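Q: Below is run_26.tsv; it holds TSV, C-alpha atoms and all ligand atoms.
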```
chain	number	residue	atom	x	y	z
Y	1	MET	CA	-241.80	116.35	134.55
Y	2	SER	CA	-239.03	118.43	133.09
Y	3	ALA	CA	-240.00	121.91	132.02
Y	4	ILE	CA	-240.49	122.25	128.30
Y	5	PRO	CA	-241.78	125.68	127.31
Y	6	VAL	CA	-244.52	125.27	124.77
Y	7	ASP	CA	-244.29	128.63	123.08
Y	8	GLN	CA	-241.81	127.16	120.64
Y	9	ALA	CA	-243.43	124.87	118.15
Y	10	ALA	CA	-240.33	122.74	117.67
Y	11	ARG	CA	-240.50	121.68	121.30
Y	12	LEU	CA	-243.48	119.45	120.65
Y	13	ARG	CA	-241.47	117.34	118.25
Y	14	HIS	CA	-238.76	117.09	120.87
Y	15	LEU	CA	-241.29	115.44	123.17
Y	16	MET	CA	-241.09	112.12	121.43
Y	17	GLY	CA	-237.37	111.76	122.05
Y	18	GLY	CA	-236.16	111.97	125.67
Y	19	GLN	CA	-234.55	109.07	127.54
Y	20	ALA	CA	-233.68	109.02	131.21
Y	21	ALA	CA	-233.39	106.70	134.15
Y	22	SER	CA	-236.40	104.48	134.84
Y	23	ALA	CA	-238.66	105.23	137.77
Y	24	ALA	CA	-237.84	101.93	139.43
Y	25	SER	CA	-234.11	102.55	139.40
Y	26	SER	CA	-234.49	105.71	141.48
Y	27	CYS	CA	-236.22	104.02	144.43
Y	28	PRO	CA	-234.56	104.96	147.71
Y	29	GLN	CA	-233.60	102.26	150.20
Y	30	GLU	CA	-233.48	102.50	153.98
Y	31	GLY	CA	-232.22	99.67	156.14
Y	32	GLY	CA	-232.77	97.26	153.24
Y	33	LEU	CA	-236.41	98.34	152.97
Y	34	ARG	CA	-237.70	100.01	149.84
Y	35	LEU	CA	-239.37	103.33	150.62
Y	36	ARG	CA	-242.21	104.87	148.63
Y	37	CYS	CA	-241.14	105.26	145.04
Y	38	ALA	CA	-244.38	105.09	143.10
Y	39	ARG	CA	-244.92	108.08	140.88
Y	40	ILE	CA	-248.49	109.23	141.25
Y	41	ILE	CA	-249.84	110.59	137.98
Y	42	ALA	CA	-253.38	112.00	137.93
Y	43	ILE	CA	-255.18	112.40	134.62
Y	44	ALA	CA	-257.84	115.11	134.67
Y	45	SER	CA	-259.63	117.56	132.42
Y	46	GLY	CA	-261.96	120.51	132.67
Y	47	LYS	CA	-264.45	119.27	130.09
Y	48	GLY	CA	-265.81	115.73	130.13
Y	49	GLY	CA	-265.40	113.19	127.36
Y	50	VAL	CA	-262.01	114.43	126.13
Y	51	GLY	CA	-260.29	111.03	126.44
Y	52	LYS	CA	-258.99	110.76	130.02
Y	53	THR	CA	-260.05	107.16	130.58
Y	54	ASN	CA	-258.61	105.96	127.29
Y	55	ILE	CA	-255.34	107.72	128.02
Y	56	ALA	CA	-255.20	106.41	131.61
Y	57	VAL	CA	-255.93	102.81	130.56
Y	58	ASN	CA	-253.51	102.73	127.62
Y	59	LEU	CA	-250.77	104.65	129.43
Y	60	SER	CA	-251.00	102.09	132.25
Y	61	ILE	CA	-250.73	99.22	129.79
Y	62	ALA	CA	-247.83	100.76	127.90
Y	63	LEU	CA	-245.89	101.47	131.10
Y	64	SER	CA	-246.59	97.95	132.30
Y	65	ARG	CA	-245.24	96.51	129.03
Y	66	LYS	CA	-242.06	98.46	129.61
Y	67	GLY	CA	-241.56	96.50	132.82
Y	68	HIS	CA	-242.97	98.98	135.32
Y	69	ARG	CA	-245.34	97.84	138.04
Y	70	VAL	CA	-248.47	99.89	137.48
Y	71	VAL	CA	-251.68	100.35	139.42
Y	72	LEU	CA	-254.53	102.08	137.62
Y	73	VAL	CA	-256.99	103.71	140.01
Y	74	ASP	CA	-260.41	104.59	138.66
Y	75	ALA	CA	-260.83	107.76	140.69
Y	76	ASP	CA	-263.91	109.02	138.86
Y	77	LEU	CA	-266.67	109.21	141.44
Y	78	GLY	CA	-269.46	110.06	139.05
Y	79	THR	CA	-268.94	107.91	135.95
Y	80	ALA	CA	-266.25	105.38	136.83
Y	81	ASN	CA	-265.83	103.44	133.60
Y	82	ALA	CA	-262.26	102.20	133.24
Y	83	ASP	CA	-263.68	98.75	133.99
Y	84	VAL	CA	-266.08	99.15	131.07
Y	85	VAL	CA	-263.26	100.00	128.67
Y	86	LEU	CA	-261.26	97.07	130.05
Y	87	ASN	CA	-264.20	94.67	130.16
Y	88	VAL	CA	-263.63	93.65	133.79
Y	89	GLN	CA	-265.95	93.76	136.78
Y	90	PRO	CA	-264.11	94.35	140.06
Y	91	ARG	CA	-266.26	93.09	142.94
Y	92	PHE	CA	-264.75	95.40	145.53
Y	93	ASP	CA	-263.51	98.97	145.68
Y	94	LEU	CA	-261.68	101.29	148.04
Y	95	SER	CA	-264.79	101.69	150.20
Y	96	HIS	CA	-264.36	98.03	151.26
Y	97	VAL	CA	-260.82	98.84	152.43
Y	98	ILE	CA	-262.07	101.95	154.19
Y	99	ARG	CA	-264.66	99.87	156.04
Y	100	GLY	CA	-261.98	97.33	156.94
Y	101	GLU	CA	-263.75	94.54	155.02
Y	102	ARG	CA	-261.03	93.86	152.42
Y	103	THR	CA	-257.28	94.39	152.12
Y	104	ILE	CA	-255.82	96.48	149.32
Y	105	ASP	CA	-254.56	93.32	147.61
Y	106	GLU	CA	-258.04	91.80	147.67
Y	107	ILE	CA	-259.65	94.72	145.84
Y	108	ALA	CA	-256.97	95.04	143.12
Y	109	VAL	CA	-257.79	93.19	139.89
Y	110	THR	CA	-254.77	92.07	137.84
Y	111	LEU	CA	-255.47	92.68	134.16
Y	112	ASP	CA	-254.29	90.37	131.36
Y	113	SER	CA	-252.53	93.37	129.86
Y	114	GLY	CA	-250.36	93.82	132.97
Y	115	PRO	CA	-251.50	96.61	135.28
Y	116	ARG	CA	-253.64	96.17	138.37
Y	117	LEU	CA	-256.95	98.00	138.52
Y	118	ILE	CA	-258.51	99.47	141.64
Y	119	ARG	CA	-261.90	101.10	141.73
Y	120	GLY	CA	-260.87	104.00	143.84
Y	121	ALA	CA	-263.07	106.91	144.65
Y	122	SER	CA	-266.21	105.29	145.96
Y	123	GLY	CA	-266.53	105.76	149.68
Y	124	LEU	CA	-263.55	108.06	150.13
Y	125	SER	CA	-265.72	110.78	151.65
Y	126	ALA	CA	-266.52	108.24	154.41
Y	127	VAL	CA	-262.91	108.70	155.55
Y	128	ALA	CA	-264.06	111.86	157.30
Y	129	ASP	CA	-266.13	109.72	159.68
Y	130	LEU	CA	-263.29	107.36	160.65
Y	131	GLY	CA	-261.68	107.62	164.05
Y	132	PRO	CA	-257.92	108.28	164.24
Y	133	ASN	CA	-256.98	104.62	164.73
Y	134	ASP	CA	-259.06	103.39	161.79
Y	135	ARG	CA	-257.74	106.19	159.66
Y	136	GLN	CA	-254.15	105.31	160.54
Y	137	ARG	CA	-254.83	101.66	159.67
Y	138	LEU	CA	-256.29	102.71	156.32
Y	139	VAL	CA	-253.33	104.92	155.45
Y	140	GLU	CA	-250.89	102.13	156.37
Y	141	GLN	CA	-252.81	99.66	154.23
Y	142	LEU	CA	-252.77	102.01	151.27
Y	143	ALA	CA	-249.13	102.89	151.79
Y	144	LEU	CA	-248.30	99.24	151.04
Y	145	LEU	CA	-249.51	99.85	147.51
Y	146	GLU	CA	-247.17	102.78	147.00
Y	147	ARG	CA	-244.17	100.77	148.09
Y	148	ARG	CA	-244.99	97.88	145.77
Y	149	CYS	CA	-245.37	99.68	142.47
Y	150	ASP	CA	-243.62	102.16	140.22
Y	151	PHE	CA	-246.63	104.08	138.94
Y	152	ILE	CA	-250.10	104.82	140.25
Y	153	ILE	CA	-252.22	106.25	137.44
Y	154	LEU	CA	-255.39	108.04	138.56
Y	155	ASP	CA	-258.23	108.34	136.10
Y	156	CYS	CA	-260.08	111.36	137.55
Y	157	GLY	CA	-263.50	112.72	136.80
Y	158	ALA	CA	-263.99	115.82	134.70
Y	159	GLY	CA	-264.28	119.31	136.13
Y	160	ILE	CA	-263.21	120.94	139.36
Y	161	SER	CA	-265.17	119.06	142.03
Y	162	GLN	CA	-263.71	118.59	145.50
Y	163	ASN	CA	-262.83	114.98	144.67
Y	164	VAL	CA	-260.95	115.87	141.52
Y	165	LEU	CA	-259.03	118.62	143.31
Y	166	ALA	CA	-258.16	116.27	146.17
Y	167	PHE	CA	-256.76	113.62	143.81
Y	168	ALA	CA	-254.97	116.23	141.71
Y	169	GLN	CA	-253.35	117.90	144.70
Y	170	ALA	CA	-252.31	114.62	146.27
Y	171	ALA	CA	-250.66	113.42	143.03
Y	172	ASP	CA	-247.04	114.12	142.11
Y	173	GLU	CA	-247.86	114.95	138.53
Y	174	LEU	CA	-251.03	115.98	136.74
Y	175	LEU	CA	-251.74	115.40	133.07
Y	176	VAL	CA	-254.41	117.87	131.98
Y	177	VAL	CA	-256.17	116.51	128.91
Y	178	THR	CA	-257.67	118.82	126.33
Y	179	THR	CA	-258.82	118.57	122.74
Y	180	PRO	CA	-258.74	121.33	120.12
Y	181	GLU	CA	-262.37	122.22	120.97
Y	182	PRO	CA	-262.51	125.75	122.38
Y	183	THR	CA	-264.70	124.59	125.30
Y	184	ALA	CA	-262.18	121.85	126.20
Y	185	MET	CA	-259.34	124.39	126.14
Y	186	THR	CA	-261.14	126.99	128.29
Y	187	ASP	CA	-262.23	124.30	130.77
Y	188	ALA	CA	-258.66	122.94	130.92
Y	189	TYR	CA	-257.48	126.46	131.69
Y	190	ALA	CA	-260.15	126.77	134.43
Y	191	LEU	CA	-258.85	123.57	136.09
Y	192	ILE	CA	-255.24	124.76	135.88
Y	193	LYS	CA	-256.27	128.14	137.31
Y	194	VAL	CA	-258.02	126.59	140.32
Y	195	LEU	CA	-255.01	124.37	141.02
Y	196	THR	CA	-252.55	127.24	140.88
Y	197	ARG	CA	-254.48	128.82	143.77
Y	198	THR	CA	-254.24	125.78	146.03
Y	199	PRO	CA	-251.44	125.57	148.61
Y	200	VAL	CA	-250.24	122.19	147.32
Y	201	ARG	CA	-250.09	121.57	143.62
Y	202	PRO	CA	-248.62	118.85	141.42
Y	203	SER	CA	-246.38	119.51	138.46
Y	204	MET	CA	-248.77	120.01	135.55
Y	205	SER	CA	-248.45	119.00	131.89
Y	206	LEU	CA	-250.79	119.06	128.93
Y	207	VAL	CA	-251.89	116.12	126.82
Y	208	ILE	CA	-253.55	117.24	123.60
Y	209	ASN	CA	-255.97	114.58	122.43
Y	210	GLN	CA	-257.93	114.09	119.21
Y	211	VAL	CA	-255.75	116.29	117.04
Y	212	GLY	CA	-255.56	116.10	113.26
Y	213	GLY	CA	-251.78	116.41	113.23
Y	214	MET	CA	-248.70	117.89	114.81
Y	215	ARG	CA	-249.49	121.42	113.69
Y	216	GLU	CA	-252.88	121.39	115.42
Y	217	ALA	CA	-251.29	119.97	118.58
Y	218	GLU	CA	-248.79	122.79	118.55
Y	219	MET	CA	-251.50	125.40	118.14
Y	220	VAL	CA	-253.56	124.03	121.04
Y	221	ALA	CA	-250.48	123.76	123.26
Y	222	GLU	CA	-249.42	127.31	122.43
Y	223	ARG	CA	-252.87	128.67	123.15
Y	224	VAL	CA	-253.46	126.96	126.53
Y	225	ALA	CA	-249.90	127.28	127.76
Y	226	GLY	CA	-249.65	130.85	126.49
Y	227	VAL	CA	-252.70	131.96	128.48
Y	228	ALA	CA	-251.51	130.04	131.56
Y	229	ALA	CA	-248.11	131.73	131.32
Y	230	ARG	CA	-249.56	135.20	130.78
Y	231	PHE	CA	-252.36	135.21	133.35
Y	232	LEU	CA	-251.27	132.63	135.91
Y	233	GLY	CA	-247.49	132.79	135.64
Y	234	VAL	CA	-247.43	129.01	135.16
Y	235	CYS	CA	-245.00	127.31	132.78
Y	236	LEU	CA	-246.83	124.26	131.45
Y	237	ASP	CA	-245.04	121.29	129.94
Y	238	VAL	CA	-246.48	119.29	127.07
Y	239	ALA	CA	-246.41	115.56	127.78
Y	240	GLY	CA	-247.60	114.58	124.33
Y	241	HIS	CA	-250.40	114.54	121.80
Y	242	ILE	CA	-252.69	111.82	120.46
Y	243	LEU	CA	-254.10	111.81	116.97
Y	244	ARG	CA	-257.84	111.66	116.32
Y	245	ASP	CA	-258.29	108.07	115.25
Y	246	GLU	CA	-261.44	106.05	114.58
Y	247	HIS	CA	-259.63	102.96	115.96
Y	248	VAL	CA	-260.08	104.41	119.47
Y	249	CYS	CA	-263.87	104.48	119.05
Y	250	GLN	CA	-263.85	100.97	117.61
Y	251	SER	CA	-261.78	99.72	120.57
Y	252	VAL	CA	-264.23	101.24	123.04
Y	253	ARG	CA	-267.02	99.39	121.26
Y	254	LEU	CA	-264.97	96.17	121.45
Y	255	ARG	CA	-264.27	96.92	125.13
Y	256	ARG	CA	-260.57	96.42	124.52
Y	257	PRO	CA	-257.79	99.01	124.99
Y	258	VAL	CA	-256.66	100.36	121.62
Y	259	LEU	CA	-253.06	99.30	122.38
Y	260	ASP	CA	-254.31	95.71	122.47
Y	261	SER	CA	-256.75	95.76	119.58
Y	262	TYR	CA	-254.89	98.03	117.13
Y	263	PRO	CA	-251.29	98.27	118.41
Y	264	ARG	CA	-249.97	99.95	115.27
Y	265	CYS	CA	-252.75	102.46	114.57
Y	266	PRO	CA	-251.92	106.20	114.76
Y	267	ALA	CA	-253.46	106.68	118.23
Y	268	SER	CA	-251.59	103.67	119.64
Y	269	THR	CA	-248.30	105.02	118.27
Y	270	CYS	CA	-248.97	108.33	120.03
Y	271	LEU	CA	-249.97	106.60	123.28
Y	272	ALA	CA	-246.82	104.48	123.21
Y	273	ALA	CA	-244.75	107.64	122.68
Y	274	LEU	CA	-246.53	109.32	125.61
Y	275	ALA	CA	-245.72	106.32	127.81
Y	276	GLU	CA	-242.12	106.32	126.59
Y	277	ARG	CA	-241.78	109.92	127.62
Y	278	VAL	CA	-243.57	109.59	130.96
Y	279	GLY	CA	-241.74	106.37	131.81
Y	280	SER	CA	-238.31	107.70	130.99
Y	281	GLN	CA	-238.56	110.70	133.26
Y	282	ARG	CA	-237.33	110.74	136.79
Y	283	GLY	CA	-240.16	111.22	139.25
Y	284	GLN	CA	-240.35	113.73	142.09
Y	285	THR	CA	-241.57	111.44	144.83
Y	286	GLN	CA	-238.65	111.64	147.20
Y	287	GLY	CA	-239.18	113.87	150.21
Y	288	ARG	CA	-242.97	113.98	149.81
Y	289	PRO	CA	-245.27	112.16	152.19
Y	290	GLY	CA	-247.20	109.19	150.81
Y	291	PHE	CA	-249.90	109.89	148.27
Y	292	PHE	CA	-252.67	108.22	150.21
Y	293	ARG	CA	-251.65	109.96	153.42
Y	294	ARG	CA	-252.01	113.26	151.58
Y	295	LEU	CA	-255.24	112.20	149.90
Y	296	VAL	CA	-256.87	111.04	153.13
Y	297	GLY	CA	-255.80	114.37	154.66
Y	298	PHE	CA	-257.82	116.25	152.04
Y	299	PHE	CA	-260.96	114.32	152.96
Y	300	TYR	CA	-260.53	114.62	156.74
Y	401	LIG	N1	-257.72	109.92	120.12
Y	401	LIG	C1	-259.03	109.71	119.91
Y	401	LIG	N2	-259.52	109.61	118.66
Y	401	LIG	C2	-260.83	109.40	118.42
Y	401	LIG	N3	-261.75	109.29	119.40
Y	401	LIG	C3	-261.33	109.40	120.67
Y	401	LIG	C4	-259.96	109.61	121.01
Y	401	LIG	N4	-259.86	109.67	122.36
Y	401	LIG	C5	-261.11	109.51	122.84
Y	401	LIG	N5	-261.99	109.34	121.82
Y	401	LIG	C6	-263.45	109.15	121.93
Y	401	LIG	O1	-263.91	109.89	123.04
Y	401	LIG	C7	-264.71	109.05	123.86
Y	401	LIG	C8	-264.57	109.49	125.31
Y	401	LIG	O2	-263.31	109.07	125.78
Y	401	LIG	P1	-263.06	108.83	127.33
Y	401	LIG	O3	-264.15	108.00	127.92
Y	401	LIG	O4	-261.67	108.33	127.48
Y	401	LIG	O5	-263.20	110.32	127.86
Y	401	LIG	P2	-263.19	110.82	129.37
Y	401	LIG	O6	-262.47	112.13	129.36
Y	401	LIG	O7	-262.67	109.76	130.27
Y	401	LIG	O8	-264.74	111.03	129.64
Y	401	LIG	P3	-265.43	111.35	131.08
Y	401	LIG	O9	-265.17	112.81	131.34
Y	401	LIG	O10	-266.88	111.07	130.83
Y	401	LIG	O11	-264.80	110.45	132.08
Y	401	LIG	C9	-264.23	107.64	123.58
Y	401	LIG	O12	-265.24	106.71	123.82
Y	401	LIG	C10	-263.83	107.69	122.14
Y	401	LIG	O13	-264.97	107.42	121.35
Y	402	MG	MG	-263.52	108.86	131.98
```
What is this file in structure tokens?
Ligand SMILES: Nc1ncnc2c1ncn2[C@@H]1O[C@H](COP(=O)(O)OP(=O)(O)OP(=O)(O)O)[C@@H](O)[C@H]1O
Ligand SMILES: [Mg+2]

A:
Amino acid sequence: MSAIPVDQAARLRHLMGGQAASAASSCPQEGGLRLRCARIIAIASGKGGVGKTNIAVNLSIALSRKGHRVVLVDADLGTANADVVLNVQPRFDLSHVIRGERTIDEIAVTLDSGPRLIRGASGLSAVADLGPNDRQRLVEQLALLERRCDFIILDCGAGISQNVLAFAQAADELLVVTTPEPTAMTDAYALIKVLTRTPVRPSMSLVINQVGGMREAEMVAERVAGVAARFLGVCLDVAGHILRDEHVCQSVRLRRPVLDSYPRCPASTCLAALAERVGSQRGQTQGRPGFFRRLVGFFY
């Protein structure tokens, strides 16, 4: 994502505006074959329950509606629940691919709202037990996915577990979700701090969720990004903010994404703006090895 310093309040308003080339249009070609062009965006947080799954689900839908091919990966090992929010029940997950029982296409569920959903994290630690040939076969199978879509959105678990760090490091971009709660902000900072110490790190941006208005979003962004700049030397971007909106809670109860059930409510407007911004930016995938190759490497 492009660098937008957050120590200037006016910058946040600027976030809703930018337009650039679509991700799909920047896909490199080699010998007529399309190389990896999927942008891998992980959505994580320090504190749990700040809104990652809702953001991941609705961002995936909004990007899909804009014509992008999107795969949403539920990468939360502990409390995988994107399928609950979406009211679908995938029969298979990545562990079936790892065991060679299913292909990647067989485990992906195509949602009515556009994106494909993969239950991701379960069984990944079993990769460590695979022999080199099986591991190579797995990586090749997963690499197919990256060549066939524009975005892979990873809904990660909360905190700084090994799984979360593996997904975050393997991604191209990381959206760190926080709310105005002090504990959410300090835990977001803790996640950012751990990632700045790892040898490989994605480009990081903040998403401020459950804010009462623009002014509160600016204050949260200034506080988290200010501390990150001062103590970690990291310049954080702000990807967007989402208003606190009872329609989100109602949608969860209905088991429908808020973009479907209340497309014009305040939270949906913010989510659409977030997707507009994310979708209009040029990704940084070229020159990096495949996401799944990197991810499998972290577990091996
Ligand atoms: N913008 C919002 N406005 C109002 N409520 C919200 C908003 N975003 C999220 N919520 C509420 O927060 C709850 C938790 O959201 P969600 O499940 O997306 O969080 P999470 O970060 O994925 O949690 P976990 O860490 O357990 O995976 C939702 O069920 C909803 O009630
Ligand atoms: Mg979640």

Q: Just the number, please: distance in Å from atom CA of Leu59 of chain Y to atom CA of Leu254 of chain Y, one decimal.

A: 18.4 Å

Q: What does the structure give for the distance between atom CA of Arg69 of chain Y and atom CA of Cys149 of chain Y, in Å to one decimal?

A: 4.8 Å

Q: Do you know which residues are within 12 Å of ligand MG 402 (chain Y) using only C-alpha atoms and all ligand atoms? Can you write them as number ranges by chain?

A: Y: 43-57, 73-85, 154-159, 177, 252

Q: Could you save the residues just selected, with C-alpha atoms, as an mmCIF file, in the coordinates of the input?

A:
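Contents of the output file out18.cif:
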```cif
data_model
loop_
_atom_site.group_PDB
_atom_site.id
_atom_site.type_symbol
_atom_site.label_atom_id
_atom_site.label_comp_id
_atom_site.auth_asym_id
_atom_site.auth_seq_id
_atom_site.Cartn_x
_atom_site.Cartn_y
_atom_site.Cartn_z
ATOM 1 C CA ILE Y 43 -255.180 112.400 134.620
ATOM 2 C CA ALA Y 44 -257.840 115.110 134.670
ATOM 3 C CA SER Y 45 -259.630 117.560 132.420
ATOM 4 C CA GLY Y 46 -261.960 120.510 132.670
ATOM 5 C CA LYS Y 47 -264.450 119.270 130.090
ATOM 6 C CA GLY Y 48 -265.810 115.730 130.130
ATOM 7 C CA GLY Y 49 -265.400 113.190 127.360
ATOM 8 C CA VAL Y 50 -262.010 114.430 126.130
ATOM 9 C CA GLY Y 51 -260.290 111.030 126.440
ATOM 10 C CA LYS Y 52 -258.990 110.760 130.020
ATOM 11 C CA THR Y 53 -260.050 107.160 130.580
ATOM 12 C CA ASN Y 54 -258.610 105.960 127.290
ATOM 13 C CA ILE Y 55 -255.340 107.720 128.020
ATOM 14 C CA ALA Y 56 -255.200 106.410 131.610
ATOM 15 C CA VAL Y 57 -255.930 102.810 130.560
ATOM 16 C CA VAL Y 73 -256.990 103.710 140.010
ATOM 17 C CA ASP Y 74 -260.410 104.590 138.660
ATOM 18 C CA ALA Y 75 -260.830 107.760 140.690
ATOM 19 C CA ASP Y 76 -263.910 109.020 138.860
ATOM 20 C CA LEU Y 77 -266.670 109.210 141.440
ATOM 21 C CA GLY Y 78 -269.460 110.060 139.050
ATOM 22 C CA THR Y 79 -268.940 107.910 135.950
ATOM 23 C CA ALA Y 80 -266.250 105.380 136.830
ATOM 24 C CA ASN Y 81 -265.830 103.440 133.600
ATOM 25 C CA ALA Y 82 -262.260 102.200 133.240
ATOM 26 C CA ASP Y 83 -263.680 98.750 133.990
ATOM 27 C CA VAL Y 84 -266.080 99.150 131.070
ATOM 28 C CA VAL Y 85 -263.260 100.000 128.670
ATOM 29 C CA LEU Y 154 -255.390 108.040 138.560
ATOM 30 C CA ASP Y 155 -258.230 108.340 136.100
ATOM 31 C CA CYS Y 156 -260.080 111.360 137.550
ATOM 32 C CA GLY Y 157 -263.500 112.720 136.800
ATOM 33 C CA ALA Y 158 -263.990 115.820 134.700
ATOM 34 C CA GLY Y 159 -264.280 119.310 136.130
ATOM 35 C CA VAL Y 177 -256.170 116.510 128.910
ATOM 36 C CA VAL Y 252 -264.230 101.240 123.040
#
```

Q: Could you check the closest approach to Leu195 of chain Y for each of Y:Ile104, Y:Val97, Y:Ile118, Y:Leu174 and tell me which residue wins, using only C-alpha atoms?

A: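 Comparing Y:Ile104, Y:Val97, Y:Ile118, Y:Leu174 against Leu195 of chain Y, the winner is Y:Leu174.
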
Q: Using all atoms listed in the file, pick whichever of Y:Ala217, Y:Ala188, Y:Cys235, Y:Leu243 has the shortest atom-to-atom distance to ligand LIG 401 (chain Y).

A: Y:Leu243

Q: Up to 7 Å from (-258.5, 103.2, 146.6) in the file's coordinates: name the residues, counting only C-alpha atoms, as an MDAnalysis selection string.

A: chainID Y and resid 73 93:94 118:121

Q: Write out as a VMD selection string which residues come within 10 Å of Cys270 of chain Y when counting only C-alpha atoms, dropping same-chain ones fewer than 6 positions away.

A: chain Y and resid 16 209 240 to 243 264 276

Q: Ranking Y:Arg294, Y:Arg102, Y:Arg255, Y:Arg197 by minimum distance to ligand LIG 401 (chain Y) and counting all atoms listed in the file, which one comes first?

A: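 For ligand LIG 401 (chain Y), the nearest of the candidates is Y:Arg255.
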
Q: What does the distance between atom N1 of ligand LIG 401 (chain Y) and atom CA of Ile153 of chain Y come to in Å, to one decimal place?

A: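 It comes out at 18.5 Å.
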
Q: Extract, using only C-alpha atoms, all DNA, RNA and protein residues at most 9 Å from Ser203 of chain Y, discarding same-chain residues fewer than 3 positions from it, and format them as a VMD selection string.

A: chain Y and resid 1 171 to 175 236 to 237

Q: Restricted to C-alpha atoms, what would the selected residues look like written as a PDB file, keeping the file's coordinate frame?

A:
```pdb
ATOM      1  CA  MET Y   1    -241.800 116.350 134.550  1.00  0.00           C
ATOM      2  CA  ALA Y 171    -250.660 113.420 143.030  1.00  0.00           C
ATOM      3  CA  ASP Y 172    -247.040 114.120 142.110  1.00  0.00           C
ATOM      4  CA  GLU Y 173    -247.860 114.950 138.530  1.00  0.00           C
ATOM      5  CA  LEU Y 174    -251.030 115.980 136.740  1.00  0.00           C
ATOM      6  CA  LEU Y 175    -251.740 115.400 133.070  1.00  0.00           C
ATOM      7  CA  LEU Y 236    -246.830 124.260 131.450  1.00  0.00           C
ATOM      8  CA  ASP Y 237    -245.040 121.290 129.940  1.00  0.00           C
TER       9      ASP Y 237
END
```

Q: Which neighbours of Leu111 of chain Y fall inside 9 Å, counting all atoms listed in the file, when residues of the same chain fewer than 4 positions from it are skipped, and could you give them as a PyMOL selection string?

A: chain Y and resi 86+88+115-117

Q: Under the rule that only C-alpha atoms are counted, which of Y:Leu165, Y:Pro266, Y:Gln89, Y:Glu140 is the nearest residue to Arg201 of chain Y?

A: Y:Leu165
